Amino acid sequence: MLQQTDQLYDYHVWANERLFNHLEELPEDVFHAEVTSVFPSVSQTLAHMYLFERLYMSVLAEIPNEEIFPKIPGWTEEAQGKNVSEMRRLFAGAAEQFYELLRRTPDLDKAMTITHPNYGSLGTHFSDILRHVVNHGTYHRGNVTAMLRQQGYAGVPTDYMFYLVQRQQDSEMFDR
């Protein structure tokens, strides 16, 4: 059984994969079409999610801000102008690195202090920041669903409950 924190990140990766599967079935122009939303397009929303994933992976790896901040423009550039398949590969690479970080972190509830130049210091736990990453992804997958609906396309269910149902079905299939 996965630890709860691991399971939440696994859900996050599963939900992103479902979204990418759905986006690959839609016309290519839907990904870059400008809409009125939190971000101007689905592609820019996913680019933001990718940047956030890389940023908080670095925070959780306890890399100092002085090393993280110079990388932000590169991560931003890395996700610009990508098509759905290219963006999917970026997310898969980030998820692989995130899973490696989880494997080498023996205490997923360890205490941490993170600092931000504008907001100060926050005493928290590794698991809290990881939950924040998952929550952030859930929020923006909802934005993408709204953007797709604006363009006349349905979204794809990525609720945590659907993930749990899928895990149970997969488990039952392997138990046979």
# chains A, B, ... in the order shown; residues from 1 in each chain; ligands from 1
>>> residues_around(residues="Glu78 of chain A", least_positions_apart="6", cutoff="10 Å", atoms="only C-alpha atoms", output="PyMOL selection string")
chain A and resi 47+50-51+72+87+90
>>> write_last_selection(atoms="C-alpha atoms", output="JSON list (two decimals), in the first residue's frame")
[["chain", "number", "residue", "atom", "x", "y", "z"],
["A", 47, "ALA", "CA", 3.37, 25.41, -19.12],
["A", 50, "TYR", "CA", 5.13, 22.37, -15.50],
["A", 51, "LEU", "CA", 7.08, 25.34, -14.12],
["A", 72, "ILE", "CA", 13.00, 29.53, -13.64],
["A", 87, "MET", "CA", 4.35, 18.82, -23.26],
["A", 90, "LEU", "CA", 8.10, 17.22, -20.23]]
>>> closest_atom_pairs(of="segment 36-123 of chain A", to="segment 137-141 of chain A", cutoff="12 Å", atoms="only C-alpha atoms", output="JSON lines")
{"residue": "A:Ser37", "atom": "CA", "partner": "A:His140", "partner_atom": "CA", "distance": 10.7}
{"residue": "A:Val38", "atom": "CA", "partner": "A:His140", "partner_atom": "CA", "distance": 8.7}
{"residue": "A:Phe39", "atom": "CA", "partner": "A:His140", "partner_atom": "CA", "distance": 9.5}
{"residue": "A:Ser41", "atom": "CA", "partner": "A:His140", "partner_atom": "CA", "distance": 11.6}
{"residue": "A:Val42", "atom": "CA", "partner": "A:Arg141", "partner_atom": "CA", "distance": 9.4}
{"residue": "A:Ser43", "atom": "CA", "partner": "A:His140", "partner_atom": "CA", "distance": 11.4}
{"residue": "A:Gln44", "atom": "CA", "partner": "A:His140", "partner_atom": "CA", "distance": 10.7}
{"residue": "A:Thr45", "atom": "CA", "partner": "A:His140", "partner_atom": "CA", "distance": 6.9}
{"residue": "A:Leu46", "atom": "CA", "partner": "A:His140", "partner_atom": "CA", "distance": 7.9}
{"residue": "A:Ala47", "atom": "CA", "partner": "A:His140", "partner_atom": "CA", "distance": 10.7}
{"residue": "A:His48", "atom": "CA", "partner": "A:His140", "partner_atom": "CA", "distance": 9.0}
{"residue": "A:Met49", "atom": "CA", "partner": "A:Gly137", "partner_atom": "CA", "distance": 6.6}
{"residue": "A:Tyr50", "atom": "CA", "partner": "A:Gly137", "partner_atom": "CA", "distance": 9.4}
{"residue": "A:Leu51", "atom": "CA", "partner": "A:Gly137", "partner_atom": "CA", "distance": 11.4}
{"residue": "A:Phe52", "atom": "CA", "partner": "A:Gly137", "partner_atom": "CA", "distance": 9.0}
{"residue": "A:Glu53", "atom": "CA", "partner": "A:Gly137", "partner_atom": "CA", "distance": 8.7}
{"residue": "A:Phe91", "atom": "CA", "partner": "A:Gly137", "partner_atom": "CA", "distance": 11.7}
>>> select_by_dssp(residues="segment 27-113 of chain A", states="alpha helix (DSSP H)", output="number ranges by chain")
A: 29-32, 42-60, 65-68, 72-78, 84-103
>>> closest_residue(among="A:Val84, A:Met112, A:Ile68, A:Leu101", to="Glu24 of chain A", atoms="only C-alpha atoms")
A:Val84
>>> closest_residue(among="A:Pro40, A:Thr105, A:Ser171, A:Phe31", to="Tyr153 of chain A", atoms="only C-alpha atoms")
A:Phe31
>>> atom_distance(atom1="atom CA of Gly142 of chain A", atom2="atom CA of Leu130 of chain A")
18.8 Å
>>> residues_around(residues="Thr5 of chain A", least_positions_apart="2", cutoff="12 Å", atoms="only C-alpha atoms", output="PyMOL selection string")
chain A and resi 1-3+7-12+99+102-103+105+107-110+125-134
>>> write_last_selection(atoms="N, CA, C and O atoms", output="tab-separated table (two decimals), in the first residue's frame")
chain	number	residue	atom	x	y	z
A	1	MET	N	0.84	-1.19	0.00
A	1	MET	CA	0.00	0.00	0.00
A	1	MET	C	0.88	1.24	0.00
A	1	MET	O	1.81	1.35	0.79
A	2	LEU	N	0.59	2.16	-0.89
A	2	LEU	CA	1.34	3.41	-0.93
A	2	LEU	C	1.02	4.25	0.30
A	2	LEU	O	-0.10	4.23	0.80
A	3	GLN	N	2.00	5.00	0.77
A	3	GLN	CA	1.71	5.96	1.82
A	3	GLN	C	0.75	6.99	1.24
A	3	GLN	O	0.73	7.22	0.03
A	7	GLN	N	0.46	8.29	-2.60
A	7	GLN	CA	-0.76	8.02	-3.34
A	7	GLN	C	-1.31	9.32	-3.95
A	7	GLN	O	-1.79	9.31	-5.07
A	8	LEU	N	-1.24	10.40	-3.21
A	8	LEU	CA	-1.72	11.67	-3.75
A	8	LEU	C	-0.89	12.10	-4.96
A	8	LEU	O	-1.43	12.59	-5.94
A	9	TYR	N	0.41	11.93	-4.89
A	9	TYR	CA	1.22	12.30	-6.05
A	9	TYR	C	0.93	11.35	-7.21
A	9	TYR	O	0.87	11.78	-8.37
A	10	ASP	N	0.73	10.08	-6.91
A	10	ASP	CA	0.38	9.12	-7.95
A	10	ASP	C	-0.94	9.53	-8.62
A	10	ASP	O	-1.08	9.45	-9.84
A	11	TYR	N	-1.89	9.99	-7.82
A	11	TYR	CA	-3.15	10.51	-8.37
A	11	TYR	C	-2.88	11.69	-9.30
A	11	TYR	O	-3.43	11.78	-10.40
A	12	HIS	N	-2.03	12.59	-8.89
A	12	HIS	CA	-1.68	13.78	-9.68
A	12	HIS	C	-1.14	13.37	-11.05
A	12	HIS	O	-1.56	13.90	-12.08
A	99	TYR	N	9.22	11.20	-8.62
A	99	TYR	CA	9.17	9.87	-7.99
A	99	TYR	C	10.52	9.50	-7.41
A	99	TYR	O	10.60	8.89	-6.34
A	102	LEU	N	10.84	11.22	-4.16
A	102	LEU	CA	10.02	10.53	-3.15
A	102	LEU	C	10.71	9.26	-2.66
A	102	LEU	O	10.69	8.96	-1.46
A	103	ARG	N	11.34	8.52	-3.57
A	103	ARG	CA	12.04	7.28	-3.19
A	103	ARG	C	13.22	7.56	-2.26
A	103	ARG	O	13.50	6.78	-1.36
A	105	THR	N	13.52	10.05	-0.18
A	105	THR	CA	13.12	10.81	1.00
A	105	THR	C	12.46	9.84	1.98
A	105	THR	O	11.29	9.48	1.81
A	107	ASP	N	11.46	10.10	5.09
A	107	ASP	CA	10.38	10.62	5.93
A	107	ASP	C	9.62	11.67	5.14
A	107	ASP	O	10.03	12.83	5.07
A	108	LEU	N	8.50	11.26	4.54
A	108	LEU	CA	7.73	12.18	3.73
A	108	LEU	C	6.96	13.20	4.56
A	108	LEU	O	6.33	14.11	4.00
A	109	ASP	N	7.03	13.09	5.87
A	109	ASP	CA	6.39	14.08	6.73
A	109	ASP	C	7.43	14.91	7.49
A	109	ASP	O	7.11	15.58	8.46
A	110	LYS	N	8.67	14.89	7.00
A	110	LYS	CA	9.73	15.61	7.72
A	110	LYS	C	9.44	17.11	7.75
A	110	LYS	O	8.85	17.67	6.82
A	125	HIS	N	5.88	20.99	6.45
A	125	HIS	CA	6.34	19.61	6.28
A	125	HIS	C	6.42	19.27	4.79
A	125	HIS	O	5.66	19.82	3.99
A	126	PHE	N	7.29	18.36	4.46
A	126	PHE	CA	7.44	17.87	3.09
A	126	PHE	C	6.06	17.48	2.54
A	126	PHE	O	5.68	17.87	1.43
A	127	SER	N	5.29	16.73	3.33
A	127	SER	CA	3.99	16.25	2.87
A	127	SER	C	3.01	17.39	2.59
A	127	SER	O	2.19	17.29	1.67
A	128	ASP	N	3.10	18.49	3.34
A	128	ASP	CA	2.23	19.64	3.09
A	128	ASP	C	2.53	20.27	1.74
A	128	ASP	O	1.61	20.62	0.99
A	129	ILE	N	3.80	20.41	1.43
A	129	ILE	CA	4.18	21.01	0.15
A	129	ILE	C	3.80	20.08	-0.99
A	129	ILE	O	3.31	20.53	-2.04
A	130	LEU	N	3.97	18.77	-0.80
A	130	LEU	CA	3.58	17.84	-1.85
A	130	LEU	C	2.07	17.88	-2.08
A	130	LEU	O	1.60	17.86	-3.22
A	131	ARG	N	1.30	17.97	-0.99
A	131	ARG	CA	-0.16	18.11	-1.14
A	131	ARG	C	-0.50	19.40	-1.88
A	131	ARG	O	-1.44	19.44	-2.68
A	132	HIS	N	0.27	20.44	-1.64
A	132	HIS	CA	0.05	21.70	-2.34
A	132	HIS	C	0.29	21.53	-3.84
A	132	HIS	O	-0.47	22.07	-4.66
A	133	VAL	N	1.32	20.79	-4.22
A	133	VAL	CA	1.60	20.53	-5.64
A	133	VAL	C	0.41	19.83	-6.28
A	133	VAL	O	-0.05	20.20	-7.36
A	134	VAL	N	-0.12	18.82	-5.59
A	134	VAL	CA	-1.26	18.07	-6.11
A	134	VAL	C	-2.49	18.97	-6.21
A	134	VAL	O	-3.20	18.98	-7.22
>>> atom_distance(atom1="atom CA of Gln169 of chain A", atom2="atom CA of Gln4 of chain A")
18.8 Å
>>> closest_residue(among="A:Gly120, A:Arg88, A:Arg104, A:Gln168", to="Asn21 of chain A", atoms="only C-alpha atoms")
A:Arg88
